[in-house]
Structure formats: C-alpha cells, structure tokens
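*Asks:* My questions all concern the structure below.
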Amino acid sequence: MLLKKNSSMIQKDKKIPCTLVIFGATGDLTHRKLIPALYFLEYQNHLPKDFNIVCVARRNKSPEEYRKEAKKSIKEFSRIKIDEKILNSVLKKIHYQKLEFGNLYDYLGLIDFLKSINGMDFKCGLIFYLATAPKFFKTIINNLASSQLSGKNKKFNANKVAFEKPFGKNLWTAKLLNNNIRKVFHENQIYRIDHYLAKELVQNLLVMHFGNSTFEPLWNTEFIDHVQITVAETLGIEGRGEYYDKNGSLRDVVQNHIMQLLCLTAMECPESLSAEHIRDEKVKVLKTIMKSNNPLKDSMKGQYVSGIQDGKKVKSYLGEEGVRKNSKTSTYFAIKFCINNKKWKNVPFYVRTGKHLADRATEIVIEYKKPKNKLFKNHGYDLKNNQLIIRVQPDEGIIFKFNAKIPGNKILIDQVSMDFCHGCKFGPNTAEAYERLFHDILNSDQTLFARWDEVEYSWKIIDQIRDAWHDVKPYSYKPGTWGPKEADKFIKKDGRSWNVPKKPSYSVLLD
Ligand code: BG6
C-alpha cells in the first residue's frame, strides 16, 4: 500500500534523473551495498532510460578496472541470482573518474565528463551521493557550489544530494553542516540517509499502528505499560576503530536509527501518507521527549572487554586498532526516555544498543498492562503481560504474545504466541534498504529520509546524554552477553526486565 501511495504522491521533477555521481566509490559501503542495490534496480527495470552511474574517488583507476571490481561486488553481495545479461547492462552504465575531494579543478574535469555523457546542456537531473567519511561533506558541497553544480543554480534545480550518516557530531556541528548545504541545495533536494527507515518491518510500523483497529485504540498509556527498542549486534567495530572511537554507540546508532524507531512507534496518526505529514508527526515526538533531570540515572553506557564469543576470541574494545588506549567511548548504551504528552504519560521507552552482544536482533517490544479485571488475579494467577513484538531483523515478522489455557481439567495458564512470518508470506528476499532508498531518490520521495528538524531535535536530546557521560568510565561487559550487568539493574529498578530477543518459532521455516 505504501508503495502504491508513493508512486501516486511522488512530485514530478521537471527533469528526469540521468546520472548518479557516487563520491567515495572505492569504499566499503559502495561495494557492499550501493552497487549491488543498483544492480537490483536494473534487474527490476527501475533505472531511468540512458542512466549513468559515475563513481568518483581519490584513487587512480581505469574505468575497466573499476567495472571489474564492481562486477566482483555484485557477484559477492547481490541478494538475488546474477543474470549475466543484466550484469553487463548495469556495468555498461558504470564509469570511473579520479577526483580529489578538495581539488576544484577535478570538479571542472567532472563537469566535462558529465557533459560528455549527458550532453552539453544538462537536460536531465544529477544525483550526488556522498558515501564518503563525513569530514569530506563540507569540502564536496563547497566545490559543487564553486563548480556551479549547485542545486540552487537554476540550470541544476533538479539536482539532488544524498548524505550518509552521521550528519554532524552534535547539534552545533550538524547545524554548521546543514547551513552549508542549504546555501547550495534546497531542503527538497536533500536526502539525509538513515537506512533503518527503509527496512521493511520499520515501514510496517505505520501500518500495524494505524491500519489495524485491534491495535490502534490500545496504542497509548491506558493499555501500554512500556516500550522496549533493541538494536543488538554480534559484530564488533569491524576495522572502523578511528571512526567509531570518535562516535560511540550513542552517535552511531541511538541518535539516528533508534530515535527513528522511537518516533515511528510513538507518533500520532499523520494527516496523510505524504513525506511532510509523516515527518511532522515524528518531529512532534522528538519535541516532547522530556529532558532528563539526571541523565546519569536515566541512561548507562558500556564497553566490551576481551572474551570468547561463539567459540572465537574477541579483542577488548581498547585493544582495537584506531581506538585510544584510555578511551571512554561506549560500545553499549541503554536509555530510558519519557514522552511528555497525553498518549504516552507514564509510559517509559527503554532503548538499548550494543556491539558484540549475545545475538543479532533489532526489535520493538510493546508491553501491555495487565487486564483491568481481577478475575484471574483473585484466584492467585500471575498472568504475564501481553507483548507485541515487531521483529525488524533478522527473521522479520510480528509476534503477539498472549495468555491461553493449557489443555486439561484445571485452569492452568501459559503465555503463547501468534507469529506472523514475513519471509514465509512474502518470500525470503525482502528489499535491501539501499534498493528502496535509491528508488525513492530517483522518484523524489523524501518520506524515508530525515528532514533537518528531525536531525536537529534528535541531536538536542543526544547531546545532553553525551555531555553527561563524556568523561565517565563505561561499565564493562563480556562479548557474547547482553551487555553490562548494570544494564539489568538499570531497568530492574523500575520493576521491569529486558525482553531477551529469541528466534521466533517460524525461523526454522526460513532456514
Ligand atoms: C550503521 C552503523 O549505521 O548501522 C554500524 O554505523 C551498524 O555501526 C549498522 O553496525 C547496523 O545496521 P544493520 O542494517 O546491519 O542493522
């Protein structure tokens, strides 16, 4: 349904996009995600006619060499079987240009190249995708402006620009960056990527909440006890020590992915499915998140030490390359958020994320209050709370846990679950986030991209937490566990416990 809406609500550009320029073309993200996603779009016939993909990076490379690498990446990372004909046709669209991000002359060379493939008069739109380290964003934007490729230049008003995260390091740097970009591009030309927004089950949140009369009326403080959001990873920092140590889990995952999940869970019904209405409602949530009087009490950070995970030795975070010896950077964070509105009065949102945890699982757990009637309580039963679990990944699905009678002469009650297996119903190959994101950029649909005020309000919240913990030593935890034991105490003091993500019953069907 959302897709249907998107195609009908897409604003029509005067110019059809004809070229995607990827900055940072030799990086890991481009090879693992972007190029395979473009292969998929070609497979689906979703790339516009005569489309070009111009990959630019600092290294010296011939176009043939780059195509060879791109071919290898598609073969290695594509989620669908390779069709040689389609592979060749997407490779034909790929070009390579050497470009020093800081060298204006290289941009003039890029313009010449773009003219040579698109025609002198640029009758079509260009998409600039910045898949570089964030420290290059400003330089690239300034040089796009100096070389007249700016989106505010009348001739290029159909151009678009996409940014990978993180968008700034705090509110102040994000504002500076945004002001810089806004001098060169209009907000409707800017696509701030948060790939979590393009995950199928994240998009499903809106449908679950507002498309079901069994859930919608109960989605509030009257019926919900609390909400938990977990983004747990078994992986570590994967050679990204230098980047990670400057950011930590708070900036890497909480400020963007988790805040988006929280907004989509907590938002009120938008006026329509338009990008602006949906984003307006998300911003309202961010604006009503209460400032904590004591962030050190309402959040906690952790860092993994050395240990064994799945039979393999794991180095301590402090032993990772690129990490400072006495680093206090978090690899785990847990936070309790409270929302100051009628819908969520007294309903805490507990969120947590961490590297090298016991299992890979992203899920949203909505835990309901006990039934209002006292029938079973009066007979000494201790009923478990109903839970609605949105399993974002892996084993995508929705699980509803409720109480049922165990067969027999007596009334014995157990918690059972109704599981919706997304992969069983719709097939195991759900769209990769980047396929959807490219599709939407091409079609000028900004719904799944963060608007500036979302980023702004999110940083306001995160800055306060980060400032409080900045100089505080993190709690340590062993790899392969669910984080520091203090994290359990953290939620226990409110009389609650973390839901341990479990493989849903249907996961055997998916294997
Ligand atoms: C990225 C973070 O944004 O998200 C990574 O920089 C993290 O540290 C990743 O591993 C998680 O994404 P996914 O899609 O694998 O859950």
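FYI, nothing fancy with the structure tokens labels: chains A, B, ... in order, residues from 1 per chain, ligands from 1 as they appear.
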Identify, on the basis of only C-alpha atoms, every residue whose closest approach to region 480-494 of chain A does not exceed 6 Å; exclude the query and any residue fewer than 3 positions from it along the same chain; express the result as a list in words.

*Replies:* Gln309, His356, Leu357, Ala358, Ser476, Tyr477 and Ser497 of chain A

*Asks:* What residues have any atom no more than 10 Å from ligand 1 when counting only C-alpha atoms and all ligand atoms, and can you list them as a PyMOL selection string?

*Replies:* chain A and resi 164-166+193-196+198-199+231-238+240+243-244+247-249+251-254+256-257+331+353-355+360-362+392-394+432-433

*Asks:* Write the residues you've just listed into a file as a short mmCIF file (atom, residue, chain, number, x, y, z; two decimals), in the first residue's frame, and include N, CA and C atoms for each of them.

*Replies:*
data_model
loop_
_atom_site.label_atom_id
_atom_site.label_comp_id
_atom_site.auth_asym_id
_atom_site.auth_seq_id
_atom_site.Cartn_x
_atom_site.Cartn_y
_atom_site.Cartn_z
N GLU A 164 25.26 10.20 3.58
CA GLU A 164 25.29 9.10 4.53
C GLU A 164 25.38 9.67 5.94
N LYS A 165 25.08 8.90 6.93
CA LYS A 165 25.22 9.36 8.31
C LYS A 165 26.67 9.18 8.76
N PRO A 166 27.15 9.75 9.83
CA PRO A 166 26.42 10.64 10.72
C PRO A 166 26.36 12.06 10.15
N ILE A 193 20.32 10.20 4.67
CA ILE A 193 20.05 8.77 4.73
C ILE A 193 20.03 8.23 6.16
N ASP A 194 19.02 7.45 6.46
CA ASP A 194 19.04 6.61 7.65
C ASP A 194 18.49 5.28 7.15
N HIS A 195 19.38 4.33 6.90
CA HIS A 195 18.94 3.13 6.18
C HIS A 195 17.91 2.32 6.97
N TYR A 196 17.79 2.59 8.29
CA TYR A 196 16.78 1.85 9.06
C TYR A 196 15.36 2.18 8.58
N ALA A 198 14.32 2.41 5.73
CA ALA A 198 13.94 1.66 4.54
C ALA A 198 13.80 0.17 4.82
N LYS A 199 13.96 -0.25 6.07
CA LYS A 199 13.77 -1.67 6.36
C LYS A 199 12.27 -1.97 6.35
N VAL A 231 18.53 -2.65 19.51
CA VAL A 231 19.32 -2.85 18.29
C VAL A 231 20.61 -3.55 18.75
N ALA A 232 20.58 -4.87 18.69
CA ALA A 232 21.72 -5.65 19.21
C ALA A 232 22.51 -6.24 18.06
N GLU A 233 23.83 -6.15 18.18
CA GLU A 233 24.68 -6.70 17.12
C GLU A 233 25.67 -7.70 17.72
N THR A 234 25.97 -8.73 16.97
CA THR A 234 27.02 -9.66 17.40
C THR A 234 28.37 -9.18 16.88
N LEU A 235 28.32 -8.37 15.82
CA LEU A 235 29.56 -7.85 15.24
C LEU A 235 30.18 -6.80 16.16
N GLY A 236 31.47 -6.56 15.94
CA GLY A 236 32.14 -5.50 16.69
C GLY A 236 32.27 -4.27 15.81
N ILE A 237 33.41 -3.61 15.89
CA ILE A 237 33.52 -2.35 15.14
C ILE A 237 34.14 -2.56 13.76
N GLU A 238 34.48 -3.80 13.43
CA GLU A 238 34.83 -4.20 12.06
C GLU A 238 35.87 -3.28 11.39
N ARG A 240 36.69 -0.31 12.03
CA ARG A 240 36.36 1.12 11.91
C ARG A 240 36.75 1.89 13.17
N TYR A 243 36.89 5.83 13.24
CA TYR A 243 35.56 6.45 13.18
C TYR A 243 34.80 6.20 14.48
N TYR A 244 34.81 4.93 14.89
CA TYR A 244 33.93 4.53 15.99
C TYR A 244 34.33 5.21 17.30
N ASN A 247 32.85 8.42 17.93
CA ASN A 247 31.39 8.50 17.93
C ASN A 247 30.71 7.64 18.99
N GLY A 248 31.10 6.38 19.08
CA GLY A 248 30.47 5.50 20.06
C GLY A 248 29.04 5.15 19.67
N SER A 249 28.45 4.25 20.45
CA SER A 249 27.14 3.73 20.07
C SER A 249 26.04 4.80 20.13
N ARG A 251 26.17 8.00 19.19
CA ARG A 251 26.08 8.73 17.93
C ARG A 251 25.91 7.80 16.74
N ASP A 252 26.47 6.61 16.86
CA ASP A 252 26.47 5.69 15.72
C ASP A 252 25.08 5.10 15.47
N VAL A 253 24.37 4.80 16.53
CA VAL A 253 23.08 4.10 16.36
C VAL A 253 21.91 4.80 17.05
N VAL A 254 22.13 5.33 18.28
CA VAL A 254 20.97 5.88 19.01
C VAL A 254 20.45 7.16 18.34
N ASN A 256 20.35 8.27 15.46
CA ASN A 256 19.67 8.14 14.18
C ASN A 256 18.70 6.96 14.19
N HIS A 257 19.23 5.73 14.08
CA HIS A 257 18.35 4.57 13.90
C HIS A 257 17.34 4.41 15.05
N THR A 331 30.40 1.24 23.63
CA THR A 331 30.02 0.27 22.60
C THR A 331 28.64 -0.30 22.96
N THR A 353 21.39 -0.49 22.70
CA THR A 353 22.11 -0.98 21.54
C THR A 353 23.51 -1.38 21.98
N GLY A 354 24.10 -2.31 21.28
CA GLY A 354 25.47 -2.68 21.65
C GLY A 354 26.12 -3.55 20.60
N LYS A 355 27.45 -3.52 20.62
CA LYS A 355 28.27 -4.37 19.75
C LYS A 355 28.68 -5.61 20.55
N ARG A 360 22.18 -11.20 17.31
CA ARG A 360 21.83 -10.09 16.44
C ARG A 360 20.31 -9.98 16.41
N ALA A 361 19.79 -8.88 16.85
CA ALA A 361 18.34 -8.72 16.85
C ALA A 361 17.97 -7.25 16.96
N THR A 362 17.11 -6.81 16.05
CA THR A 362 16.52 -5.48 16.19
C THR A 362 15.04 -5.71 16.37
N VAL A 392 12.31 -6.55 13.59
CA VAL A 392 12.81 -5.84 12.40
C VAL A 392 13.83 -6.69 11.64
N GLN A 393 14.70 -7.37 12.39
CA GLN A 393 15.70 -8.24 11.76
C GLN A 393 16.43 -9.07 12.81
N PRO A 394 17.03 -10.19 12.50
CA PRO A 394 16.71 -10.97 11.30
C PRO A 394 15.38 -11.68 11.54
N GLU A 432 16.45 -4.91 0.02
CA GLU A 432 17.54 -4.33 0.80
C GLU A 432 17.23 -2.85 0.95
N ALA A 433 17.58 -2.29 2.12
CA ALA A 433 17.26 -0.89 2.39
C ALA A 433 17.75 0.03 1.27
#

*Asks:* DSSP on the backbone: which residues in region 51-247 of chain A end up as alpha helix (DSSP H)? Give the answer as a short mmCIF file (atom, residue, chain, number, x, y, z; two decimals) with N, CA and C atoms, in the first residue's frame.

*Replies:*
data_model
loop_
_atom_site.label_atom_id
_atom_site.label_comp_id
_atom_site.auth_asym_id
_atom_site.auth_seq_id
_atom_site.Cartn_x
_atom_site.Cartn_y
_atom_site.Cartn_z
N PRO A 63 38.48 3.01 -15.90
CA PRO A 63 37.07 2.60 -15.81
C PRO A 63 36.94 1.07 -15.87
N GLU A 64 37.78 0.44 -16.69
CA GLU A 64 37.70 -1.04 -16.84
C GLU A 64 38.03 -1.70 -15.51
N GLU A 65 39.08 -1.16 -14.87
CA GLU A 65 39.47 -1.73 -13.57
C GLU A 65 38.31 -1.60 -12.57
N TYR A 66 37.68 -0.41 -12.56
CA TYR A 66 36.60 -0.19 -11.60
C TYR A 66 35.42 -1.11 -11.90
N ARG A 67 35.10 -1.27 -13.20
CA ARG A 67 33.97 -2.15 -13.58
C ARG A 67 34.22 -3.58 -13.11
N LYS A 68 35.48 -3.97 -13.20
CA LYS A 68 35.84 -5.33 -12.78
C LYS A 68 35.56 -5.50 -11.27
N GLU A 69 35.93 -4.46 -10.51
CA GLU A 69 35.70 -4.52 -9.06
C GLU A 69 34.20 -4.50 -8.77
N ALA A 70 33.48 -3.67 -9.54
CA ALA A 70 32.03 -3.56 -9.33
C ALA A 70 31.37 -4.92 -9.62
N LYS A 71 31.85 -5.57 -10.67
CA LYS A 71 31.29 -6.89 -11.05
C LYS A 71 31.49 -7.89 -9.90
N LYS A 72 32.69 -7.84 -9.32
CA LYS A 72 33.01 -8.75 -8.21
C LYS A 72 32.06 -8.46 -7.03
N SER A 73 31.86 -7.17 -6.75
CA SER A 73 31.00 -6.81 -5.61
C SER A 73 29.56 -7.28 -5.84
N ILE A 74 29.09 -7.10 -7.08
CA ILE A 74 27.70 -7.51 -7.36
C ILE A 74 27.59 -9.02 -7.15
N LYS A 75 28.59 -9.75 -7.68
CA LYS A 75 28.52 -11.22 -7.56
C LYS A 75 28.59 -11.64 -6.10
N GLU A 76 29.38 -10.92 -5.32
CA GLU A 76 29.55 -11.31 -3.92
C GLU A 76 28.37 -10.89 -3.05
N PHE A 77 27.83 -9.69 -3.29
CA PHE A 77 26.86 -9.16 -2.33
C PHE A 77 25.42 -9.07 -2.82
N GLU A 84 23.61 -12.71 -16.22
CA GLU A 84 24.78 -12.12 -16.90
C GLU A 84 24.39 -10.95 -17.80
N LYS A 85 23.22 -11.07 -18.45
CA LYS A 85 22.80 -10.01 -19.36
C LYS A 85 22.55 -8.70 -18.59
N ILE A 86 21.88 -8.84 -17.47
CA ILE A 86 21.59 -7.64 -16.66
C ILE A 86 22.87 -7.11 -16.03
N LEU A 87 23.72 -8.03 -15.62
CA LEU A 87 25.00 -7.62 -15.04
C LEU A 87 25.78 -6.77 -16.06
N ASN A 88 25.85 -7.25 -17.29
CA ASN A 88 26.57 -6.49 -18.31
C ASN A 88 25.92 -5.16 -18.58
N SER A 89 24.59 -5.14 -18.55
CA SER A 89 23.94 -3.87 -18.88
C SER A 89 24.15 -2.86 -17.75
N VAL A 90 24.18 -3.29 -16.49
CA VAL A 90 24.44 -2.31 -15.42
C VAL A 90 25.92 -1.89 -15.45
N LEU A 91 26.81 -2.81 -15.75
CA LEU A 91 28.24 -2.46 -15.79
C LEU A 91 28.52 -1.42 -16.88
N LYS A 92 27.79 -1.52 -17.97
CA LYS A 92 27.96 -0.56 -19.07
C LYS A 92 27.62 0.86 -18.61
N LYS A 93 26.73 0.96 -17.62
CA LYS A 93 26.31 2.28 -17.14
C LYS A 93 27.33 2.89 -16.18
N LEU A 104 39.34 21.77 -6.79
CA LEU A 104 38.28 22.32 -7.64
C LEU A 104 38.47 21.95 -9.12
N TYR A 105 39.74 21.88 -9.55
CA TYR A 105 39.99 21.54 -10.97
C TYR A 105 39.41 20.17 -11.31
N ASP A 106 39.46 19.26 -10.34
CA ASP A 106 38.92 17.92 -10.59
C ASP A 106 37.40 17.97 -10.83
N TYR A 107 36.74 18.94 -10.18
CA TYR A 107 35.29 19.08 -10.38
C TYR A 107 35.00 19.61 -11.78
N LEU A 108 35.92 20.48 -12.24
CA LEU A 108 35.72 21.00 -13.59
C LEU A 108 35.88 19.85 -14.59
N GLY A 109 36.83 18.97 -14.27
CA GLY A 109 37.03 17.76 -15.09
C GLY A 109 35.78 16.89 -15.04
N LEU A 110 35.18 16.82 -13.84
CA LEU A 110 33.96 16.01 -13.68
C LEU A 110 32.84 16.59 -14.55
N ILE A 111 32.73 17.93 -14.55
CA ILE A 111 31.68 18.56 -15.37
C ILE A 111 31.89 18.18 -16.84
N ASP A 112 33.14 18.29 -17.29
CA ASP A 112 33.41 17.94 -18.70
C ASP A 112 32.98 16.51 -18.98
N PHE A 113 33.29 15.63 -18.01
CA PHE A 113 32.92 14.23 -18.23
C PHE A 113 31.40 14.07 -18.25
N LEU A 114 30.73 14.75 -17.32
CA LEU A 114 29.26 14.65 -17.27
C LEU A 114 28.65 15.18 -18.57
N LYS A 115 29.25 16.25 -19.08
CA LYS A 115 28.75 16.79 -20.35
C LYS A 115 28.95 15.77 -21.46
N SER A 116 30.09 15.09 -21.41
CA SER A 116 30.38 14.15 -22.50
C SER A 116 29.39 12.98 -22.52
N ILE A 117 28.84 12.64 -21.34
CA ILE A 117 27.89 11.51 -21.35
C ILE A 117 26.42 11.96 -21.37
N ASN A 118 26.17 13.21 -20.91
CA ASN A 118 24.77 13.65 -20.82
C ASN A 118 24.38 14.69 -21.85
N PHE A 137 32.20 16.06 3.71
CA PHE A 137 30.92 16.59 3.23
C PHE A 137 31.03 18.08 2.84
N LYS A 138 31.60 18.85 3.78
CA LYS A 138 31.63 20.31 3.57
C LYS A 138 32.46 20.65 2.32
N THR A 139 33.63 20.02 2.20
CA THR A 139 34.51 20.30 1.06
C THR A 139 33.80 19.97 -0.25
N ILE A 140 33.15 18.82 -0.28
CA ILE A 140 32.49 18.39 -1.53
C ILE A 140 31.36 19.37 -1.88
N ILE A 141 30.57 19.72 -0.86
CA ILE A 141 29.46 20.64 -1.10
C ILE A 141 29.97 21.99 -1.62
N ASN A 142 31.02 22.51 -0.96
CA ASN A 142 31.56 23.80 -1.40
C ASN A 142 32.07 23.72 -2.83
N ASN A 143 32.71 22.62 -3.17
CA ASN A 143 33.24 22.51 -4.54
C ASN A 143 32.14 22.29 -5.57
N LEU A 144 31.07 21.62 -5.16
CA LEU A 144 29.93 21.50 -6.09
C LEU A 144 29.38 22.89 -6.38
N ALA A 145 29.36 23.73 -5.30
CA ALA A 145 28.85 25.09 -5.48
C ALA A 145 29.80 25.90 -6.36
N SER A 146 31.11 25.82 -6.05
CA SER A 146 32.08 26.62 -6.82
C SER A 146 32.10 26.20 -8.29
N LEU A 171 24.73 18.87 17.97
CA LEU A 171 23.80 19.84 17.39
C LEU A 171 24.55 20.96 16.66
N TRP A 172 25.62 21.42 17.28
CA TRP A 172 26.35 22.56 16.73
C TRP A 172 26.96 22.22 15.36
N THR A 173 27.68 21.10 15.28
CA THR A 173 28.34 20.75 14.00
C THR A 173 27.29 20.37 12.95
N ALA A 174 26.19 19.76 13.40
CA ALA A 174 25.13 19.41 12.44
C ALA A 174 24.53 20.69 11.86
N LYS A 175 24.36 21.71 12.72
CA LYS A 175 23.80 22.99 12.24
C LYS A 175 24.74 23.63 11.23
N LEU A 176 26.04 23.63 11.55
CA LEU A 176 27.01 24.23 10.63
C LEU A 176 26.96 23.54 9.28
N LEU A 177 26.95 22.21 9.33
CA LEU A 177 26.92 21.42 8.10
C LEU A 177 25.65 21.72 7.32
N ASN A 178 24.54 21.75 8.05
CA ASN A 178 23.26 21.97 7.38
C ASN A 178 23.20 23.36 6.73
N ASN A 179 23.70 24.37 7.48
CA ASN A 179 23.69 25.73 6.91
C ASN A 179 24.50 25.77 5.63
N ASN A 180 25.63 25.04 5.66
CA ASN A 180 26.48 24.97 4.48
C ASN A 180 25.76 24.36 3.29
N ILE A 181 25.09 23.27 3.57
CA ILE A 181 24.39 22.56 2.48
C ILE A 181 23.23 23.41 1.96
N ARG A 182 22.53 24.06 2.90
CA ARG A 182 21.34 24.83 2.50
C ARG A 182 21.69 26.05 1.65
N LYS A 183 22.97 26.48 1.73
CA LYS A 183 23.38 27.57 0.84
C LYS A 183 23.43 27.08 -0.60
N VAL A 184 23.57 25.78 -0.74
CA VAL A 184 23.84 25.20 -2.06
C VAL A 184 22.64 24.41 -2.61
N GLU A 200 11.93 -3.10 5.75
CA GLU A 200 10.52 -3.45 5.56
C GLU A 200 9.69 -3.34 6.84
N LEU A 201 10.22 -3.96 7.92
CA LEU A 201 9.41 -4.01 9.14
C LEU A 201 9.32 -2.65 9.83
N VAL A 202 10.23 -1.76 9.51
CA VAL A 202 10.15 -0.40 10.06
C VAL A 202 9.03 0.33 9.35
N GLN A 203 8.95 0.13 8.04
CA GLN A 203 7.85 0.75 7.29
C GLN A 203 6.51 0.16 7.71
N ASN A 204 6.55 -1.08 8.15
CA ASN A 204 5.33 -1.77 8.57
C ASN A 204 4.75 -1.19 9.86
N LEU A 205 5.58 -0.47 10.63
CA LEU A 205 5.12 0.08 11.91
C LEU A 205 3.88 0.95 11.75
N LEU A 206 3.92 1.77 10.71
CA LEU A 206 2.82 2.69 10.44
C LEU A 206 1.53 1.91 10.14
N VAL A 207 1.69 0.83 9.39
CA VAL A 207 0.53 0.02 9.01
C VAL A 207 -0.01 -0.72 10.24
N MET A 208 0.91 -1.30 11.03
CA MET A 208 0.49 -2.01 12.24
C MET A 208 -0.30 -1.09 13.15
N HIS A 209 0.25 0.09 13.37
CA HIS A 209 -0.33 1.02 14.33
C HIS A 209 -1.65 1.62 13.84
N PHE A 210 -1.63 2.14 12.62
CA PHE A 210 -2.80 2.91 12.18
C PHE A 210 -3.72 2.15 11.23
N GLY A 241 37.83 1.43 13.82
CA GLY A 241 38.25 1.99 15.12
C GLY A 241 38.30 3.50 15.15
N GLU A 242 38.91 4.06 14.12
CA GLU A 242 39.13 5.52 14.14
C GLU A 242 37.80 6.27 14.12
N TYR A 243 36.89 5.83 13.24
CA TYR A 243 35.56 6.45 13.18
C TYR A 243 34.80 6.20 14.48
N TYR A 244 34.81 4.93 14.89
CA TYR A 244 33.93 4.53 15.99
C TYR A 244 34.33 5.21 17.30
N ASP A 245 35.65 5.30 17.50
CA ASP A 245 36.10 5.85 18.78
C ASP A 245 35.70 7.31 18.96
N LYS A 246 35.48 8.01 17.86
CA LYS A 246 35.06 9.42 17.96
C LYS A 246 33.54 9.51 18.14
N ASN A 247 32.85 8.42 17.93
CA ASN A 247 31.39 8.50 17.93
C ASN A 247 30.71 7.64 18.99
#

*Asks:* Need the shell around Ala37 (chain A): protein/DNA/RNA residues with any atom at most 8 Å away, counting only C-alpha atoms. Skip same-chain ones fewer than 2 positions apart. Format as JSON, numbers by chain?

*Replies:* {"A": [33, 34, 35, 39, 40, 41, 78, 432, 434, 435, 438]}

*Asks:* Tell me which protein, DNA and RNA residues are within 6 Å of region 126-132 of chain A, counting only C-alpha atoms, leaving out same-chain ones fewer than 2 positions away, and put them as number ranges by chain.

*Replies:* A: 17, 19-24, 159-164

*Asks:* Write a file of the selected residues as a JSON list (two decimals), in the first residue's frame, keeping N, CA and C atoms.

*Replies:*
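Below is the file that was written, again.json:
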[["chain", "number", "residue", "atom", "x", "y", "z"],
["A", 17, "PRO", "N", 16.05, 12.19, -13.62],
["A", 17, "PRO", "CA", 17.46, 11.99, -13.28],
["A", 17, "PRO", "C", 18.16, 11.10, -14.30],
["A", 19, "THR", "N", 21.89, 10.84, -14.17],
["A", 19, "THR", "CA", 23.20, 10.40, -13.71],
["A", 19, "THR", "C", 23.30, 10.44, -12.19],
["A", 20, "LEU", "N", 23.84, 9.36, -11.68],
["A", 20, "LEU", "CA", 24.12, 9.29, -10.25],
["A", 20, "LEU", "C", 25.63, 9.41, -10.10],
["A", 21, "VAL", "N", 26.08, 10.37, -9.28],
["A", 21, "VAL", "CA", 27.52, 10.51, -9.05],
["A", 21, "VAL", "C", 27.79, 10.05, -7.63],
["A", 22, "ILE", "N", 28.55, 8.97, -7.48],
["A", 22, "ILE", "CA", 28.84, 8.46, -6.13],
["A", 22, "ILE", "C", 30.23, 8.92, -5.70],
["A", 23, "PHE", "N", 30.28, 9.75, -4.66],
["A", 23, "PHE", "CA", 31.56, 10.13, -4.07],
["A", 23, "PHE", "C", 31.92, 9.08, -3.02],
["A", 24, "GLY", "N", 33.16, 8.63, -3.05],
["A", 24, "GLY", "CA", 33.55, 7.57, -2.10],
["A", 24, "GLY", "C", 33.32, 6.21, -2.74],
["A", 159, "ASN", "N", 18.77, 18.91, -9.52],
["A", 159, "ASN", "CA", 19.81, 18.08, -8.90],
["A", 159, "ASN", "C", 19.43, 17.74, -7.47],
["A", 160, "LYS", "N", 19.96, 16.60, -7.01],
["A", 160, "LYS", "CA", 19.66, 16.17, -5.64],
["A", 160, "LYS", "C", 20.97, 15.77, -4.99],
["A", 161, "VAL", "N", 20.96, 15.79, -3.65],
["A", 161, "VAL", "CA", 22.19, 15.38, -2.96],
["A", 161, "VAL", "C", 21.80, 14.47, -1.79],
["A", 162, "ALA", "N", 22.52, 13.36, -1.65],
["A", 162, "ALA", "CA", 22.23, 12.41, -0.57],
["A", 162, "ALA", "C", 23.45, 12.28, 0.34],
["A", 163, "PHE", "N", 23.20, 12.26, 1.65],
["A", 163, "PHE", "CA", 24.29, 12.16, 2.62],
["A", 163, "PHE", "C", 24.16, 10.90, 3.45],
["A", 164, "GLU", "N", 25.26, 10.20, 3.58],
["A", 164, "GLU", "CA", 25.29, 9.10, 4.53],
["A", 164, "GLU", "C", 25.38, 9.67, 5.94]]

*Asks:* Hey, which of A:Lys345, A:Lys98, A:Lys15, A:Lys284 ends up closest to Phe156 (chain A)? Count only C-alpha atoms.

*Replies:*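 Looking at the shortest contact to Phe156 (chain A), the residue is A:Lys15.
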